[in-house]
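J.: Following this line is protein_14.cif, made up of mmCIF, C-alpha atoms:
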data_structure
#
loop_
_atom_site.label_atom_id
_atom_site.label_comp_id
_atom_site.auth_asym_id
_atom_site.auth_seq_id
_atom_site.Cartn_x
_atom_site.Cartn_y
_atom_site.Cartn_z
CA MET M 587 22.20 6.41 -10.52
CA THR M 588 24.00 4.50 -7.77
CA ARG M 589 22.67 1.31 -6.21
CA ASP M 590 21.84 3.23 -3.01
CA GLU M 591 19.90 5.83 -5.01
CA MET M 592 18.05 3.09 -6.88
CA ASP M 593 17.15 1.40 -3.61
CA ALA M 594 15.95 4.72 -2.19
CA PHE M 595 13.76 5.27 -5.24
CA VAL M 596 12.21 1.79 -5.03
CA ALA M 597 11.56 2.30 -1.30
CA MET M 598 9.78 5.61 -1.97
CA ALA M 599 7.74 4.07 -4.79
CA GLN M 600 6.56 1.25 -2.55
CA ARG M 601 5.93 3.38 0.54
CA PRO M 602 2.20 3.84 1.29
CA GLY M 603 0.72 7.27 0.67
CA GLU M 604 0.99 9.88 -2.06
CA ASP M 605 2.57 12.83 -0.25
CA ASP M 606 6.09 12.04 -1.46
CA LEU M 607 5.16 11.52 -5.14
CA ALA M 608 7.04 14.65 -6.26
CA GLU M 609 10.09 13.68 -4.21
CA ALA M 610 10.10 10.19 -5.74
CA ALA M 611 9.66 11.65 -9.23
CA LEU M 612 12.54 14.01 -8.57
CA GLN M 613 14.75 11.06 -7.65
CA LEU M 614 14.44 9.90 -11.27
CA ALA M 615 16.27 13.03 -12.39
CA ARG M 616 19.49 11.48 -11.11
CA LEU M 617 19.45 9.32 -14.23
CA GLU M 618 20.32 12.48 -16.19
CA HIS M 619 21.63 14.70 -13.39
CA PRO M 620 23.76 12.55 -11.06
CA HIS M 621 24.88 15.59 -9.07
CA LEU M 622 21.42 17.07 -8.71
CA ARG M 623 20.91 19.25 -5.64
CA ARG M 624 17.51 17.82 -4.90
CA GLN M 625 16.77 20.08 -1.95
CA GLU M 626 17.03 23.17 -4.16
CA THR M 627 14.22 21.84 -6.37
CA LEU M 628 12.15 20.81 -3.35
CA ASP M 629 12.59 24.34 -1.94
CA ALA M 630 11.48 25.84 -5.28
CA LEU M 631 8.45 23.54 -5.24
CA GLN M 632 7.58 24.62 -1.69
CA LYS M 633 7.78 28.29 -2.67
CA LEU M 634 5.46 27.50 -5.59
CA VAL M 635 3.03 25.92 -3.12
CA GLU M 636 3.16 29.00 -0.89
CA ARG M 637 2.57 31.44 -3.75
CA THR M 638 -0.26 29.35 -5.17
CA THR M 639 -1.94 28.89 -1.78
CA ALA M 640 -1.91 32.64 -1.18
CA PHE M 641 -3.29 33.25 -4.69
CA VAL M 642 -6.11 30.72 -4.35
CA GLN M 643 -7.10 31.74 -0.82
CA ALA M 644 -7.32 35.36 -1.91
CA SER M 645 -9.50 34.56 -4.91
CA ALA M 646 -11.70 31.51 -4.23
CA ALA M 647 -14.52 31.24 -1.72
CA PRO M 648 -14.16 28.62 1.03
CA GLY M 649 -15.79 25.33 0.04
CA ASP M 650 -16.04 26.29 -3.65
CA VAL M 651 -14.35 23.38 -5.44
CA GLN M 652 -14.72 24.79 -8.94
CA GLY M 653 -13.49 28.16 -7.76
CA HIS M 654 -10.40 26.59 -6.23
CA VAL M 655 -9.74 24.59 -9.43
CA GLN M 656 -10.13 27.69 -11.58
CA GLN M 657 -7.80 29.80 -9.43
CA LEU M 658 -5.27 26.97 -9.17
CA GLY M 659 -5.17 26.81 -12.96
CA LEU M 660 -4.84 30.58 -13.30
CA CYS M 661 -1.93 30.60 -10.90
CA LEU M 662 -0.01 27.62 -12.27
CA PHE M 663 -0.58 28.14 -15.98
CA ASP M 664 -1.10 31.89 -16.37
CA THR M 665 0.83 33.49 -13.52
CA GLU M 666 3.58 30.87 -13.06
CA GLY M 667 3.74 30.03 -16.77
CA PHE M 668 3.63 26.22 -16.81
CA THR M 669 2.68 24.87 -20.23
CA GLY M 670 2.66 21.66 -22.24
CA ASN M 671 5.76 21.19 -24.39
CA VAL M 672 4.10 20.54 -27.74
CA GLY M 673 7.10 21.44 -29.90
CA GLU M 674 9.65 19.19 -28.13
CA TYR M 675 7.36 16.54 -26.67
CA ASP M 676 9.98 13.76 -26.88
CA ASP M 677 12.74 15.73 -25.14
CA PRO M 678 13.86 13.63 -22.11
CA ARG M 679 13.99 16.82 -20.01
CA ASN M 680 10.19 16.77 -20.02
CA SER M 681 10.38 13.73 -17.74
CA PHE M 682 12.66 15.27 -15.11
CA LEU M 683 10.87 17.28 -12.46
CA ASN M 684 13.78 19.67 -11.81
CA ASP M 685 13.92 20.55 -15.53
CA VAL M 686 10.14 20.92 -15.75
CA ILE M 687 10.08 23.32 -12.79
CA ALA M 688 13.06 25.32 -14.11
CA ARG M 689 11.85 25.45 -17.74
CA ARG M 690 8.12 25.70 -16.91
CA THR M 691 7.27 23.07 -19.53
CA GLY M 692 6.73 19.33 -19.62
CA ILE M 693 4.55 16.43 -20.74
CA PRO M 694 1.15 15.50 -19.28
CA ILE M 695 2.47 13.29 -16.51
CA THR M 696 5.11 15.66 -15.12
CA LEU M 697 2.79 18.66 -15.28
CA SER M 698 0.17 16.51 -13.54
CA ILE M 699 2.62 15.66 -10.75
CA ILE M 700 3.18 19.36 -10.11
CA TYR M 701 -0.57 19.97 -10.28
CA LEU M 702 -1.21 17.12 -7.82
CA HIS M 703 1.52 18.27 -5.43
CA VAL M 704 0.44 21.90 -5.35
CA GLY M 705 -3.32 21.33 -5.58
CA ARG M 706 -3.39 18.87 -2.70
CA ARG M 707 -1.63 21.40 -0.50
CA VAL M 708 -4.10 24.06 -1.52
CA GLY M 709 -6.79 21.75 -0.11
CA LEU M 710 -8.19 19.96 -3.16
CA TRP M 711 -8.75 16.21 -3.20
CA LEU M 712 -6.85 15.18 -6.33
CA GLU M 713 -5.77 11.88 -7.88
CA GLY M 714 -3.99 10.89 -11.07
CA ILE M 715 -5.66 9.08 -13.97
CA ASN M 716 -3.53 6.72 -16.08
CA PHE M 717 -5.54 7.49 -19.22
CA PRO M 718 -4.17 5.86 -22.41
CA GLY M 719 -1.84 8.20 -24.27
CA HIS M 720 -2.42 11.24 -22.05
CA PHE M 721 -2.16 11.42 -18.26
CA LEU M 722 -5.01 13.28 -16.54
CA VAL M 723 -6.09 14.38 -13.05
CA ARG M 724 -9.37 13.94 -11.21
CA CYS M 725 -10.61 16.45 -8.65
CA LYS M 726 -13.06 14.90 -6.21
CA GLY M 727 -15.94 17.25 -5.50
CA MET M 728 -15.09 17.72 -1.83
CA LEU M 729 -13.49 20.65 -0.04
CA GLY M 730 -13.61 21.27 3.68
CA ASP M 731 -17.08 21.00 5.20
CA ALA M 732 -18.92 22.00 2.01
CA ALA M 733 -21.46 19.63 0.43
CA PRO M 734 -19.91 17.27 -2.17
CA THR M 735 -20.18 18.29 -5.81
CA GLU M 736 -19.51 16.52 -9.11
CA ASP M 737 -16.01 15.21 -9.79
CA LEU M 738 -13.95 17.06 -12.40
CA ILE M 739 -11.55 15.56 -14.97
CA LEU M 740 -8.65 17.94 -15.59
CA ASP M 741 -5.91 18.17 -18.21
CA PRO M 742 -2.80 19.97 -16.85
CA PHE M 743 -1.03 19.65 -20.21
CA HIS M 744 -3.63 22.01 -21.68
CA GLY M 745 -3.80 24.56 -18.90
CA GLY M 746 -5.87 22.51 -16.45
CA ILE M 747 -9.01 22.58 -18.61
CA VAL M 748 -12.04 20.55 -17.50
CA LEU M 749 -12.87 17.57 -19.74
CA THR M 750 -16.15 15.76 -20.22
CA GLU M 751 -16.32 12.01 -20.82
CA ARG M 752 -17.03 12.81 -24.46
CA ASP M 753 -13.79 14.83 -24.57
CA CYS M 754 -11.97 11.83 -23.09
CA ALA M 755 -13.48 9.51 -25.71
CA ARG M 756 -12.28 11.81 -28.50
CA MET M 757 -8.83 11.97 -26.93
CA LEU M 758 -8.72 8.17 -26.78
CA THR M 759 -9.52 7.95 -30.49
CA ARG M 760 -6.69 10.39 -31.30
CA HIS M 761 -4.15 8.38 -29.32
CA ALA M 762 -5.34 4.79 -29.80
CA GLY M 763 -7.19 4.86 -33.11
CA GLU M 764 -10.77 4.50 -34.28
CA HIS M 765 -11.03 0.94 -32.95
CA ALA M 766 -10.54 2.06 -29.33
CA ARG M 767 -13.69 2.13 -27.21
CA PHE M 768 -14.05 4.42 -24.22
CA ASP M 769 -15.33 3.16 -20.91
CA ARG M 770 -15.19 4.62 -17.43
CA GLY M 771 -12.66 2.02 -16.32
CA LEU M 772 -10.08 4.03 -18.27
CA LEU M 773 -10.59 6.81 -15.72
CA ALA M 774 -9.59 4.65 -12.74
CA PRO M 775 -7.21 6.32 -10.26
CA ALA M 776 -3.45 5.95 -10.69
CA PHE M 777 -1.40 5.64 -7.52
CA LYS M 778 2.20 6.57 -6.84
CA LYS M 779 3.87 3.44 -8.18
CA ASP M 780 1.65 3.45 -11.29
CA ILE M 781 2.65 7.04 -11.98
CA LEU M 782 6.37 6.41 -11.52
CA VAL M 783 6.26 3.36 -13.80
CA ARG M 784 4.57 5.40 -16.51
CA MET M 785 7.18 8.14 -16.14
CA LEU M 786 9.94 5.58 -16.59
CA VAL M 787 8.29 3.98 -19.63
CA ASN M 788 7.96 7.43 -21.25
CA LEU M 789 11.61 8.15 -20.51
CA LYS M 790 12.80 4.79 -21.85
CA ARG M 791 11.00 5.43 -25.13
CA ALA M 792 12.43 8.96 -25.37
CA TYR M 793 15.98 7.67 -24.89
CA ALA M 794 15.44 4.82 -27.36
CA ARG M 795 14.20 7.26 -30.01
CA LEU M 796 17.39 9.26 -29.48
CA ARG M 797 19.40 6.01 -29.69
CA SER M 798 20.68 6.67 -26.18
CA PHE M 799 20.59 2.95 -25.49
CA ALA M 800 22.76 2.99 -22.37
CA GLN M 801 20.44 5.47 -20.68
CA ALA M 802 17.37 3.56 -21.85
CA ARG M 803 18.84 0.41 -20.31
CA ASP M 804 19.39 2.22 -17.00
CA VAL M 805 15.67 3.02 -17.07
CA SER M 806 14.86 -0.63 -17.74
CA ASP M 807 16.95 -1.57 -14.70
CA LEU M 808 14.78 0.73 -12.58
CA LEU M 809 11.57 -0.66 -14.05
CA LEU M 810 12.68 -4.21 -13.26
CA ALA M 811 13.65 -3.14 -9.75
CA LEU M 812 10.07 -1.91 -9.32
CA ASP M 813 8.58 -5.05 -10.89
CA PRO M 814 10.97 -8.00 -11.30
CA THR M 815 8.17 -10.05 -12.93
CA SER M 816 7.72 -7.69 -15.91
CA LEU M 817 8.34 -9.74 -19.04
CA THR M 818 8.08 -6.65 -21.23
CA GLU M 819 10.90 -4.91 -19.37
CA LEU M 820 13.04 -8.06 -19.34
CA ARG M 821 12.63 -8.27 -23.13
CA ASP M 822 13.36 -4.57 -23.62
CA ARG M 823 16.46 -4.65 -21.43
CA GLY M 824 17.76 -7.57 -23.46
CA LEU M 825 17.10 -5.81 -26.75
CA LEU M 826 18.78 -2.65 -25.49
CA ALA M 827 21.85 -4.64 -24.42
CA TYR M 828 21.85 -6.16 -27.92
CA GLN M 829 21.90 -2.68 -29.46
CA MET M 830 24.84 -1.79 -27.20
CA GLY M 831 26.84 -4.86 -28.27
CA GLN M 832 26.59 -6.44 -24.81
CA TYR M 833 25.75 -9.82 -26.24
CA GLY M 834 26.19 -11.91 -23.10
CA ALA M 835 23.82 -9.72 -21.07
CA ALA M 836 21.37 -9.57 -23.97
CA LEU M 837 21.37 -13.35 -24.35
CA ALA M 838 20.75 -13.89 -20.63
CA ASP M 839 17.74 -11.55 -20.57
CA LEU M 840 16.20 -12.76 -23.82
CA GLU M 841 16.61 -16.45 -23.01
CA ARG M 842 14.95 -15.85 -19.65
CA TYR M 843 12.18 -13.89 -21.38
CA LEU M 844 11.51 -16.77 -23.78
CA ALA M 845 11.50 -19.34 -20.99
CA LEU M 846 9.09 -17.33 -18.85
CA THR M 847 6.86 -16.49 -21.80
CA ALA M 848 6.60 -20.14 -22.78
CA ARG M 849 5.82 -21.07 -19.18
CA HIS M 850 3.04 -18.51 -18.79
CA THR M 851 1.25 -19.01 -22.10
CA ARG M 852 -0.21 -22.09 -23.75
CA ALA M 853 0.07 -22.51 -27.50
CA GLU M 854 -3.68 -22.55 -28.00
CA ASP M 855 -4.04 -19.28 -26.06
CA GLU M 856 -1.42 -17.30 -27.97
CA ASP M 857 -2.70 -14.66 -30.36
CA THR M 858 -0.89 -13.70 -33.55
CA ASP M 859 0.95 -10.76 -31.97
CA VAL M 860 2.30 -12.90 -29.12
CA LYS M 861 3.50 -15.59 -31.54
CA GLU M 862 5.17 -13.04 -33.81
CA GLU M 863 6.92 -11.36 -30.89
CA PHE M 864 8.09 -14.70 -29.50
CA GLU M 865 9.46 -15.72 -32.90
CA ALA M 866 11.22 -12.36 -33.38
CA VAL M 867 12.95 -12.66 -29.99
CA TRP M 868 13.84 -16.28 -30.75
CA GLU M 869 15.62 -15.12 -33.94
CA HIS M 870 17.59 -12.61 -31.85
CA VAL M 871 18.52 -15.36 -29.39
CA LYS M 872 19.77 -17.67 -32.15
CA ASN M 873 21.88 -14.84 -33.55
CA LEU M 874 23.21 -13.99 -30.10
CA ARG M 875 24.16 -17.58 -29.40
CA ARG M 876 26.26 -17.61 -32.54
CA ARG M 877 27.90 -14.30 -31.63
CA VAL M 878 28.65 -15.34 -28.06
CA ALA M 879 30.02 -18.71 -29.23
CA SER M 880 32.34 -16.95 -31.66
CA LEU M 881 33.78 -14.86 -28.83
CA ASN M 882 34.64 -17.87 -26.66
#
What is this structure when it is put down as structure tokens?
T.:
Amino acid sequence: MTRDEMDAFVAMAQRPGEDDLAEAALQLARLEHPHLRRQETLDALQKLVERTTAFVQASAAPGDVQGHVQQLGLCLFDTEGFTGNVGEYDDPRNSFLNDVIARRTGIPITLSIIYLHVGRRVGLWLEGINFPGHFLVRCKGMLGDAAPTEDLILDPFHGGIVLTERDCARMLTRHAGEHARFDRGLLAPAFKKDILVRMLVNLKRAYARLRSFAQARDVSDLLLALDPTSLTELRDRGLLAYQMGQYGAALADLERYLALTARHTRAEDEDTDVKEEFEAVWEHVKNLRRRVASLN
């Protein structure tokens, strides 16, 4: 991704409003597809909107929120064939919107972006939910001039099924362990920048698991462009540079991480995990200093 493309992505992420979420998400695909013909994918997405709108309008009664949700799910997941990629969940292609649209499969967040994009244009009031371990969608119980109804929590990864809070609590336990406790704050809305950051974090982890460290570092560059204050991303970029043998760059990032971490935490406030992480990075820095000194 060029500097101009990175700047364009950051500008879209920070622009108010949610209408260009899919376009911003598609911009990320340039990390893997530098010569992507973005307009072709946007045209395919618009045709999907048109087909789905016709399908829903022909099947759901005006003002019937649940009817619209049901027909939207039938169209996207039964007729159009979108499905969660259970067998190859960690495949980086699941994070690129052009690949998801072409292959009709993805992970919760990319399928949710398509669901949000299409469903909003069908007339539903939808918002993302940054639920731990599994991105979800909320449908507000409002449609046209009809009386408001109960909100719905939807899971596009599993065919747009409706979830109860008890379902969400069970899902949290599966992803975060028995110690995790559900509360409604976990169902707070996720806005455009939140969604794009989560997409990038997913992609960075997928690349790291594949040992594609250069690509993972490109993702870290984007994350730091979105939030220059992120200590986690500064640390990760340094560790990725270390894996790539770029010791000078790694040392610069990790020394800055240690300095900022020490500045923002007091010794008496640090928990065991923070101390252990700080000490692990400090060991890397000492090793890097020796390596860099030996090269001079």
J.: What does the distance from atom CA of Gly834 of chain M to atom CA of Glu591 of chain M come to in Å, to one decimal?
T.: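 Distance between the two atoms: 26.1 Å.
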J.: Please indicate the distance in Å from atom CA of Tyr701 of chain M to atom CA of Arg679 of chain M, rounded to one decimal place.
T.: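 Taking atom CA of Tyr701 of chain M as the start and atom CA of Arg679 of chain M as the end point, the length is 17.8 Å.
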J.: For the structure shown, which residues end up in the PyMOL selection byres ((chain M and resi 751) around 10)? Put them as a ChimeraX atom specification, please?
T.: /M:739,749-750,752-757,768-770,773
J.: Between M:Gln656, M:Ser798, M:Thr665, M:Asn716, which residue has the minimum interatomic distance to Leu634 of chain M, considering all atoms listed in the file?
T.: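 Nearest to Leu634 of chain M: M:Thr665.
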J.: Under the PyMOL selection byres ((chain M and resi 841) around 12), which residues of this model are included? Write them out as an MDAnalysis selection string.
T.: chainID M and resid 817 820:821 823:825 833:840 842:848 864 867:875
J.: Just say which residues the PyMOL selection byres ((chain M and resi 615) around 10) picks in this file, as a ChimeraX atom specification.
T.: /M:587,610-614,616-622,624,679,681-685
J.: Pick the closest to Glu863 of chain M from M:Asn680, M:Gln801, M:Gln832, M:Thr818: which is it, counting only C-alpha atoms?
T.: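 Smallest distance to Glu863 of chain M is found for M:Thr818.
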J.: Please, which residues are within 12 Å of (8.3, 11.2, -2.1) by the file's coordinates, counting all atoms listed in the file, and could they come as a count of residues only?
T.: 28
J.: What are the centre and the three edge lengths of an axis-aligned box that wraps all atoms of segment 810-828 of chain M in the file, given that 3 Å is added to every side, written as lines of an AutoDock Vina configuration file and rounded to one decimal in Å?
T.:
center_x = 14.8
center_y = -6.0
center_z = -18.6
size_x = 20.1
size_y = 14.1
size_z = 24.6
J.: Between atom CA of Ser698 of chain M and atom CA of Thr759 of chain M, what is the distance in Å, rounded to a tenth?
T.: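 So the two atoms, atom CA of Ser698 of chain M and atom CA of Thr759 of chain M, lie 21.3 Å apart.
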J.: Go through M:Ile700, M:Leu809, M:Ala644, M:Ile781 one by one, measure the shortest atom-to-atom distance of each to Gly714 of chain M using all atoms listed in the file, and give the residue with the smallest value.
T.: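 Going through M:Ile700, M:Leu809, M:Ala644, M:Ile781 one by one, the smallest distance to Gly714 of chain M is for M:Ile781.
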J.: Might you pull out every residue within 7 Å of Ser806 of chain M, with all atoms listed in the file counted and same-chain residues fewer than 4 positions away left off, and present them as a list in words?
T.: Ala802, Leu810, Glu819 and Arg823 of chain M
J.: Could you check the closest approach to Gly659 of chain M for each of M:Gly746, M:Gly719, M:Gly692, M:Gly709 and tell me which residue wins, using all atoms listed in the file?
T.: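 The answer is M:Gly746, which sits nearest to Gly659 of chain M.
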J.: Between M:Glu862, M:Val708, M:Leu808, M:Met728, single out the one closest to Ala640 of chain M, counting only C-alpha atoms.
T.: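 Closest to Ala640 of chain M of all the choices is M:Val708.
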J.: From the list M:Gln625, M:Ser645, M:Thr669, M:Thr639, which residue is nearest Arg706 of chain M when using all atoms listed in the file?
T.: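 Checking each candidate against Arg706 of chain M, we get M:Thr639 as the closest.
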J.: For Gly730 of chain M, list every protein, DNA or RNA residue within 10 Å, evaluated using only C-alpha atoms, and leave out those in the same chain fewer than 3 positions away; present the list as a PyMOL selection string.
T.: chain M and resi 648-651+709-711+733-734
J.: Could you take the residues named above and write them with C-alpha atoms, as a PDB file, in the frame of the given file?
T.:
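The resulting file, out-v7.pdb, is reproduced below:
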ATOM      1  CA  PRO M 648     -14.160  28.620   1.030  1.00  0.00           C
ATOM      2  CA  GLY M 649     -15.790  25.330   0.040  1.00  0.00           C
ATOM      3  CA  ASP M 650     -16.040  26.290  -3.650  1.00  0.00           C
ATOM      4  CA  VAL M 651     -14.350  23.380  -5.440  1.00  0.00           C
ATOM      5  CA  GLY M 709      -6.790  21.750  -0.110  1.00  0.00           C
ATOM      6  CA  LEU M 710      -8.190  19.960  -3.160  1.00  0.00           C
ATOM      7  CA  TRP M 711      -8.750  16.210  -3.200  1.00  0.00           C
ATOM      8  CA  ALA M 733     -21.460  19.630   0.430  1.00  0.00           C
ATOM      9  CA  PRO M 734     -19.910  17.270  -2.170  1.00  0.00           C
TER      10      PRO M 734
END
J.: Please list as a ChimeraX atom specification every residue within 10 Å of Gly667 of chain M, counting only C-alpha atoms and excluding residues in the same chain fewer than 2 positions away.
T.: /M:660-665,669,689-691,745
J.: Write the residues you've just listed into a file as an mmCIF file, in the frame of the given file, and include C-alpha atoms for each of them.
T.:
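And here is the file that came out, out_7.cif:
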data_model
loop_
_atom_site.group_PDB
_atom_site.id
_atom_site.type_symbol
_atom_site.label_atom_id
_atom_site.label_comp_id
_atom_site.auth_asym_id
_atom_site.auth_seq_id
_atom_site.Cartn_x
_atom_site.Cartn_y
_atom_site.Cartn_z
ATOM 1 C CA LEU M 660 -4.840 30.580 -13.300
ATOM 2 C CA CYS M 661 -1.930 30.600 -10.900
ATOM 3 C CA LEU M 662 -0.010 27.620 -12.270
ATOM 4 C CA PHE M 663 -0.580 28.140 -15.980
ATOM 5 C CA ASP M 664 -1.100 31.890 -16.370
ATOM 6 C CA THR M 665 0.830 33.490 -13.520
ATOM 7 C CA THR M 669 2.680 24.870 -20.230
ATOM 8 C CA ARG M 689 11.850 25.450 -17.740
ATOM 9 C CA ARG M 690 8.120 25.700 -16.910
ATOM 10 C CA THR M 691 7.270 23.070 -19.530
ATOM 11 C CA GLY M 745 -3.800 24.560 -18.900
#
